[in-house]
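File shown: run-v3.txt (compact mmCIF, C-alpha atoms).
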# COMPACT_ATOMS: atom_id res chain seq x y z
CA MET K 289 -7.42 -3.60 20.41
CA SER K 290 -10.06 -0.90 20.44
CA GLU K 291 -10.28 1.64 17.67
CA THR K 292 -9.37 4.39 20.11
CA GLN K 293 -6.23 2.57 21.15
CA GLY K 294 -5.40 1.88 17.51
CA ASN K 295 -5.73 5.53 16.62
CA LEU K 296 -3.45 6.48 19.46
CA ASP K 297 -0.88 3.96 18.26
CA LEU K 298 -0.97 5.10 14.65
CA VAL K 299 -1.15 8.88 15.02
CA SER K 300 0.43 10.90 17.80
CA SER K 301 -1.47 13.49 19.78
CA PRO K 302 -1.65 16.63 17.64
CA GLN K 303 0.32 19.67 18.71
CA THR K 304 -0.66 23.23 17.89
CA ARG K 305 2.07 25.45 16.43
CA GLY K 306 0.57 28.86 15.70
CA GLU K 307 -2.03 28.34 12.98
CA ALA K 308 -0.68 24.89 12.21
CA ILE K 309 -1.32 21.48 13.71
CA LEU K 310 1.52 18.98 13.82
CA ALA K 311 1.05 15.24 14.20
CA ALA K 312 3.17 12.18 13.53
CA VAL K 313 2.13 8.88 11.96
CA ARG K 314 3.85 5.71 13.14
CA GLY K 315 4.13 2.30 11.53
CA GLU K 316 3.24 0.61 8.28
CA VAL K 317 -0.15 1.62 6.88
CA ASP K 318 -2.11 -0.63 4.56
CA LEU K 319 -5.69 -1.70 3.96
CA HIS K 320 -5.74 -3.33 7.40
CA ASN K 321 -5.21 -0.13 9.38
CA SER K 322 -5.84 2.71 6.92
CA PRO K 323 -9.39 3.06 8.32
CA GLU K 324 -7.73 3.84 11.67
CA LEU K 325 -5.54 6.44 9.99
CA ARG K 326 -8.61 8.00 8.37
CA ALA K 327 -10.52 8.08 11.66
CA ALA K 328 -7.58 9.63 13.49
CA LEU K 329 -6.90 12.34 10.90
CA LEU K 330 -10.55 13.23 10.37
CA GLY K 331 -10.83 13.36 14.15
CA ILE K 332 -8.09 16.00 14.20
CA LEU K 333 -9.84 18.01 11.50
CA GLY K 334 -13.17 17.59 13.25
CA LYS K 335 -12.03 19.61 16.23
CA SER K 336 -10.98 22.60 14.17
CA LEU K 337 -9.84 22.98 10.59
CA PRO K 338 -6.31 24.33 10.74
CA LYS K 339 -4.65 26.59 8.18
CA LYS K 340 -1.97 23.96 7.93
CA LEU K 341 -1.73 20.31 8.95
CA VAL K 342 1.80 18.93 9.11
CA LEU K 343 2.07 15.15 9.15
CA ASN K 344 5.47 13.79 10.09
CA LEU K 345 5.95 10.46 8.29
CA ALA K 346 9.48 9.69 9.50
CA ALA K 347 8.27 6.55 11.27
CA VAL K 348 6.25 5.26 8.32
CA PRO K 349 8.40 2.76 6.41
CA TYR K 350 5.56 1.66 4.17
CA MET K 351 2.14 2.80 3.03
CA ASP K 352 -0.14 1.55 0.30
CA SER K 353 -2.71 3.15 -1.92
CA SER K 354 -5.45 2.95 0.72
CA ALA K 355 -3.30 5.16 2.95
CA VAL K 356 -2.60 7.52 0.06
CA ALA K 357 -6.34 7.77 -0.55
CA VAL K 358 -6.77 8.84 3.08
CA LEU K 359 -4.14 11.54 2.64
CA VAL K 360 -5.86 12.74 -0.53
CA GLU K 361 -9.19 12.94 1.32
CA VAL K 362 -7.58 14.97 4.11
CA LEU K 363 -5.90 17.21 1.53
CA GLN K 364 -9.23 17.88 -0.18
CA ARG K 365 -11.01 18.65 3.09
CA LEU K 366 -8.33 21.11 4.06
CA ARG K 367 -8.32 22.75 0.64
CA ARG K 368 -12.05 23.37 0.78
CA SER K 369 -11.48 25.53 3.84
CA GLY K 370 -8.37 27.19 2.48
CA GLY K 371 -6.01 24.99 4.47
CA ARG K 372 -2.96 23.02 3.41
CA LEU K 373 -1.57 19.55 4.09
CA MET K 374 2.18 19.24 4.47
CA LEU K 375 4.03 15.91 4.62
CA SER K 376 7.43 15.91 6.26
CA SER K 377 10.34 13.48 6.66
CA LEU K 378 9.16 10.91 4.13
CA GLN K 379 11.03 7.64 3.86
CA PRO K 380 12.12 6.71 0.31
CA ARG K 381 9.53 3.98 -0.14
CA VAL K 382 6.66 6.31 0.76
CA ARG K 383 8.02 9.09 -1.43
CA GLY K 384 8.35 6.57 -4.27
CA LEU K 385 4.68 5.63 -4.05
CA LEU K 386 3.66 9.29 -4.20
CA GLU K 387 5.89 9.72 -7.24
CA ILE K 388 4.33 6.73 -8.98
CA ALA K 389 0.90 8.18 -8.29
CA ARG K 390 2.16 11.56 -9.49
CA LEU K 391 1.01 13.00 -6.19
CA ASP K 392 4.41 14.27 -5.09
CA SER K 393 3.59 17.61 -6.68
CA ILE K 394 0.10 17.80 -5.18
CA PHE K 395 1.15 17.34 -1.59
CA VAL K 396 3.58 19.83 -0.13
CA LEU K 397 6.63 17.80 0.88
CA ALA K 398 9.24 18.95 3.36
CA ILE K 399 12.45 17.50 4.73
CA THR K 400 11.69 18.51 8.32
CA ASP K 401 8.75 19.68 10.39
CA ASP K 402 10.33 23.11 10.72
CA GLU K 403 10.59 23.41 6.95
CA ALA K 404 6.95 22.38 6.62
CA LEU K 405 5.89 24.92 9.21
CA GLU K 406 7.82 27.69 7.43
CA LYS K 407 6.48 26.94 3.93
CA MET R 284 -4.69 -17.32 8.67
CA ILE R 285 -1.71 -18.06 6.42
CA GLN R 286 -0.65 -21.54 5.31
CA SER R 287 2.68 -21.64 3.58
CA VAL R 288 4.69 -24.20 1.65
CA ASN R 289 8.30 -23.67 0.65
CA HIS R 290 9.69 -25.85 -2.14
CA HIS R 291 13.48 -26.14 -1.98
CA GLY R 292 15.64 -26.92 -4.97
CA THR R 293 18.42 -29.48 -4.64
CA GLY R 294 21.20 -28.18 -2.38
CA LYS R 295 19.79 -24.67 -2.23
CA PRO R 296 19.24 -23.03 1.16
CA SER R 297 16.63 -20.57 -0.09
CA PRO R 298 13.29 -21.84 -1.36
CA ALA R 299 12.87 -22.33 -5.11
CA SER R 300 9.23 -21.44 -4.77
CA VAL R 301 6.75 -20.29 -2.15
CA GLU R 302 3.04 -20.95 -1.87
CA LEU R 303 0.89 -18.98 0.58
CA LYS R 304 -2.74 -19.87 1.18
CA ILE R 305 -4.47 -17.03 2.96
CA ASP R 306 -7.88 -15.80 3.97
CA SER R 307 -8.96 -12.54 2.36
CA ASP R 308 -8.28 -10.62 5.56
CA PRO R 309 -6.34 -7.34 5.23
CA ALA R 310 -4.51 -8.35 8.40
CA ASN R 311 -2.59 -10.86 6.24
CA LEU R 312 -1.25 -8.28 3.78
CA ARG R 313 1.81 -7.34 5.79
CA GLU R 314 3.11 -10.88 6.24
CA VAL R 315 2.48 -11.83 2.61
CA ARG R 316 4.34 -8.85 1.19
CA GLN R 317 7.22 -9.46 3.60
CA ARG R 318 7.42 -13.15 2.67
CA ILE R 319 7.48 -12.32 -1.05
CA GLU R 320 10.04 -9.54 -0.55
CA ASP R 321 12.25 -12.00 1.36
CA PHE R 322 11.89 -14.55 -1.45
CA ALA R 323 12.82 -11.98 -4.09
CA GLN R 324 15.86 -10.78 -2.13
CA ALA R 325 17.01 -14.37 -1.60
CA ALA R 326 16.75 -14.77 -5.37
CA GLY R 327 19.14 -11.83 -5.81
CA MET R 328 16.73 -8.99 -6.43
CA PRO R 329 18.00 -5.65 -5.06
CA LYS R 330 16.01 -4.21 -2.16
CA GLU R 331 14.53 -1.44 -4.29
CA GLY R 332 13.10 -4.05 -6.63
CA SER R 333 11.78 -6.28 -3.85
CA ASP R 334 10.17 -3.21 -2.22
CA GLU R 335 8.38 -2.54 -5.51
CA LEU R 336 7.32 -6.16 -5.72
CA GLY R 337 5.92 -6.03 -2.19
CA LEU R 338 3.93 -2.91 -3.00
CA VAL R 339 2.46 -4.42 -6.16
CA ILE R 340 1.47 -7.64 -4.40
CA ASN R 341 -0.14 -5.63 -1.61
CA GLU R 342 -2.13 -3.63 -4.15
CA ALA R 343 -3.17 -6.69 -6.13
CA LEU R 344 -4.35 -8.51 -2.99
CA ALA R 345 -6.15 -5.38 -1.76
CA ASN R 346 -8.01 -5.23 -5.09
CA VAL R 347 -9.08 -8.87 -4.72
CA ILE R 348 -10.27 -8.26 -1.15
CA ARG R 349 -12.09 -5.01 -1.91
CA HIS R 350 -13.46 -5.56 -5.39
CA GLY R 351 -13.46 -9.32 -5.85
CA TYR R 352 -14.63 -10.42 -2.45
CA GLY R 353 -16.45 -7.21 -1.51
CA GLY R 354 -14.52 -6.89 1.74
CA ALA R 355 -15.23 -10.41 3.00
CA THR R 356 -12.37 -11.56 5.21
CA ASP R 357 -12.83 -15.34 5.02
CA ARG R 358 -12.47 -16.12 1.32
CA PRO R 359 -9.49 -18.01 -0.13
CA ILE R 360 -6.53 -16.51 -1.96
CA VAL R 361 -3.43 -18.42 -3.05
CA VAL R 362 -0.19 -16.56 -3.74
CA THR R 363 2.79 -18.27 -5.33
CA ALA R 364 6.28 -17.05 -6.14
CA ASP R 365 8.92 -18.84 -8.14
CA LEU R 366 11.99 -18.14 -10.21
CA GLU R 367 11.98 -18.56 -13.96
CA ASN R 368 14.64 -17.41 -16.42
CA GLY R 369 16.09 -14.80 -14.09
CA ALA R 370 12.74 -13.38 -13.10
CA VAL R 371 10.39 -13.72 -10.16
CA ARG R 372 6.99 -14.91 -11.25
CA ILE R 373 4.08 -14.19 -8.93
CA THR R 374 0.61 -15.67 -9.26
CA ILE R 375 -2.45 -14.63 -7.29
CA ARG R 376 -5.43 -16.96 -7.58
CA ASP R 377 -8.86 -16.06 -6.26
CA TRP R 378 -12.35 -17.45 -6.47
CA ALA R 379 -14.07 -14.10 -6.68
CA LYS R 380 -16.37 -12.57 -9.25
CA PRO R 381 -14.62 -11.78 -12.55
CA PHE R 382 -12.63 -8.57 -12.60
CA ASP R 383 -12.03 -6.58 -15.75
CA PRO R 384 -9.01 -4.31 -15.24
CA ALA R 385 -9.87 -2.43 -18.44
CA ALA R 386 -13.12 -1.35 -16.80
CA VAL R 387 -11.32 0.56 -14.07
CA PRO R 388 -11.40 4.21 -15.12
CA GLN R 389 -8.14 6.12 -15.30
CA LYS R 390 -8.33 8.56 -12.42
CA LYS R 391 -6.98 12.04 -12.21
CA THR R 392 -4.23 12.32 -9.65
CA ALA R 393 -6.29 14.59 -7.40
CA ASP R 394 -9.05 12.03 -6.95
CA VAL R 395 -6.97 8.90 -6.98
CA THR R 396 -8.63 5.73 -5.72
CA PRO R 397 -6.84 2.74 -4.25
CA GLY R 398 -7.95 0.35 -7.02
CA GLY R 399 -6.79 2.61 -9.82
CA LEU R 400 -3.50 3.35 -8.12
CA GLY R 401 -2.92 -0.35 -7.59
CA LEU R 402 -3.26 -1.04 -11.30
CA LEU R 403 -0.96 1.88 -12.05
CA CYS R 404 1.67 0.36 -9.75
CA MET R 405 1.38 -3.00 -11.49
CA LYS R 406 1.87 -1.45 -14.92
CA LYS R 407 4.78 0.73 -13.84
CA LEU R 408 6.69 -1.62 -11.60
CA MET R 409 6.28 -5.07 -13.15
CA ASP R 410 7.75 -6.33 -16.42
CA GLU R 411 4.65 -8.33 -17.29
CA VAL R 412 1.10 -8.42 -15.94
CA ARG R 413 -1.53 -10.85 -17.16
CA PHE R 414 -5.10 -11.29 -15.92
CA SER R 415 -6.66 -14.67 -16.77
CA ARG R 416 -10.37 -15.13 -16.26
CA LEU R 417 -11.11 -18.68 -15.09
CA SER R 418 -14.44 -20.45 -14.82
CA ASP R 419 -14.51 -19.93 -11.07
CA GLY R 420 -12.34 -16.87 -10.43
CA MET R 421 -9.27 -15.02 -11.61
CA LEU R 422 -5.58 -15.76 -11.97
CA LEU R 423 -3.20 -12.82 -11.98
CA THR R 424 0.33 -13.54 -13.19
CA MET R 425 3.06 -10.92 -12.75
CA ILE R 426 6.71 -11.14 -13.70
CA LYS R 427 9.60 -8.97 -12.54
CA ARG R 428 13.17 -9.48 -13.62
CA VAL R 429 15.59 -10.05 -10.75
CA ARG R 430 18.02 -7.45 -12.15
Let me see the file written as structure tokens.
Amino acid sequence: MSETQGNLDLVSSPQTRGEAILAAVRGEVDLHNSPELRAALLGILGKSLPKKLVLNLAAVPYMDSSAVAVLVEVLQRLRRSGGRLMLSSLQPRVRGLLEIARLDSIFVLAITDDEALEK
Amino acid sequence: MIQSVNHHGTGKPSPASVELKIDSDPANLREVRQRIEDFAQAAGMPKEGSDELGLVINEALANVIRHGYGGATDRPIVVTADLENGAVRITIRDWAKPFDPAAVPQKKTADVTPGGLGLLCMKKLMDEVRFSRLSDGMLLTMIKRVR
């Protein structure tokens, strides 16, 4: 599988909603495919840094610390330009990892995409 | 590549122990954590606990691959799981350079790194964690009570 195809599998095509960009991540993310996640998300930011990036994680049943590190990197890039990263529709296992890492208060978490877009 | 051996106790349908011999390829992480989660659930561990176990094993293996083997994907790792006194005991054996967990700096949450977060998960989610330095590698032993 090419990297391009992998990126397309893991992260949906981003949609623009006003000043926000909305994208969805699909599937388990661990050390094997977190580089694909990083490439896909930095690719989105490379086109234009949005005021807000909303990542829907409803279809992510599992992620490990390498995926969390990618999210932290994206968060920091956005913050440097005054932007924000919002995570929506987290499954319990993913939310639990963020809580263990004490990152649940650093990311902005939302139940739905609409809530994330309104925050 | 994953080679597995299941040891069955007398008259028991679920394995009494599992041994997985894998290459240090991140592509193997998913199957290993699923096999260990299945073993723990068969032993009576609630799903929340087996999920935690799977996460910790993933993080421990990722640390071996990244830090021990420097990202090489063809080095050996042996993972075992067995039941002892109402607890699941996991061992992870590698033949990598020695790893000193105490040398990993405690990171601030905002600049968390995978290695540091992995150790944090081990400490928080397991009942016992023991690193043993061997002459030719490391042996990590982790214990989590079934209930």
In terms of all atoms listed in the file, the residue from R:Gly420, R:Pro359, R:Gly369, R:Gly401 at minimal distance from Leu303 in chain R is R:Pro359
How big is the axis-aligned box, and where does its centre sit, when it encloses all atoms of range 378-382 of chain K listed in the file and has 8 Å added on every side, reported in Å to one decimal as lines of an AutoDock Vina configuration file?
center_x = 9.4
center_y = 7.4
center_z = 2.0
size_x = 21.5
size_y = 22.9
size_z = 20.3
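In this structure, CA of Ile373 in chain R sits 28.7 Å away from CA of Asp392 in chain K.
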How far is it from CA of Ile340 in chain R to CA of Glu361 in chain K, in Å with one decimal?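 Separation between CA of Ile340 in chain R and CA of Glu361 in chain K: 23.9 Å.
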So that I can check the surroundings of Met405 in chain R, please list as an mmCIF file with C-alpha atoms, keeping the file's coordinate frame every protein, DNA and RNA residue that reaches within 8 Å of it, counting all atoms listed in the file and ignoring chain neighbours fewer than 4 positions away.
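Written out: around39.cif:
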data_model
loop_
_atom_site.group_PDB
_atom_site.id
_atom_site.type_symbol
_atom_site.label_atom_id
_atom_site.label_comp_id
_atom_site.auth_asym_id
_atom_site.auth_seq_id
_atom_site.Cartn_x
_atom_site.Cartn_y
_atom_site.Cartn_z
ATOM 1 C CA VAL R 339 2.460 -4.420 -6.160
ATOM 2 C CA ALA R 343 -3.170 -6.690 -6.130
ATOM 3 C CA GLY R 401 -2.920 -0.350 -7.590
ATOM 4 C CA MET R 409 6.280 -5.070 -13.150
ATOM 5 C CA VAL R 412 1.100 -8.420 -15.940
#
Spatial neighbours of Pro323 in chain K, max dist 12 Å, all atoms listed in the file, sep filter under 4 positions, as a list of chain:residue names
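The contact residues come out as K:Glu291, K:Thr292, K:Gly294, K:Asn295, K:Leu298, K:Val317, K:Asp318, K:Leu319, K:Ala327, K:Ala328, K:Leu329, K:Leu330, K:Gly331, K:Ser354, K:Ala355, K:Val356, K:Ala357, K:Val358, K:Leu359, R:Pro309.
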Residue hits in chain K, query chain R, radius 7 Å, all atoms listed in the file, as a list in words: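 Only these qualify: Leu319, His320, Asp352, Ser353, Ser354, Ala357, Ile388, Ala389, Arg390 and Leu391 of chain K.
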Would you put the residues from that selection into a file with C-alpha atoms, as a short mmCIF file (atom, residue, chain, number, x, y, z; two decimals), in the coordinates of the input?
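Now in result-v6.cif:
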data_model
loop_
_atom_site.label_atom_id
_atom_site.label_comp_id
_atom_site.auth_asym_id
_atom_site.auth_seq_id
_atom_site.Cartn_x
_atom_site.Cartn_y
_atom_site.Cartn_z
CA LEU K 319 -5.69 -1.70 3.96
CA HIS K 320 -5.74 -3.33 7.40
CA ASP K 352 -0.14 1.55 0.30
CA SER K 353 -2.71 3.15 -1.92
CA SER K 354 -5.45 2.95 0.72
CA ALA K 357 -6.34 7.77 -0.55
CA ILE K 388 4.33 6.73 -8.98
CA ALA K 389 0.90 8.18 -8.29
CA ARG K 390 2.16 11.56 -9.49
CA LEU K 391 1.01 13.00 -6.19
#
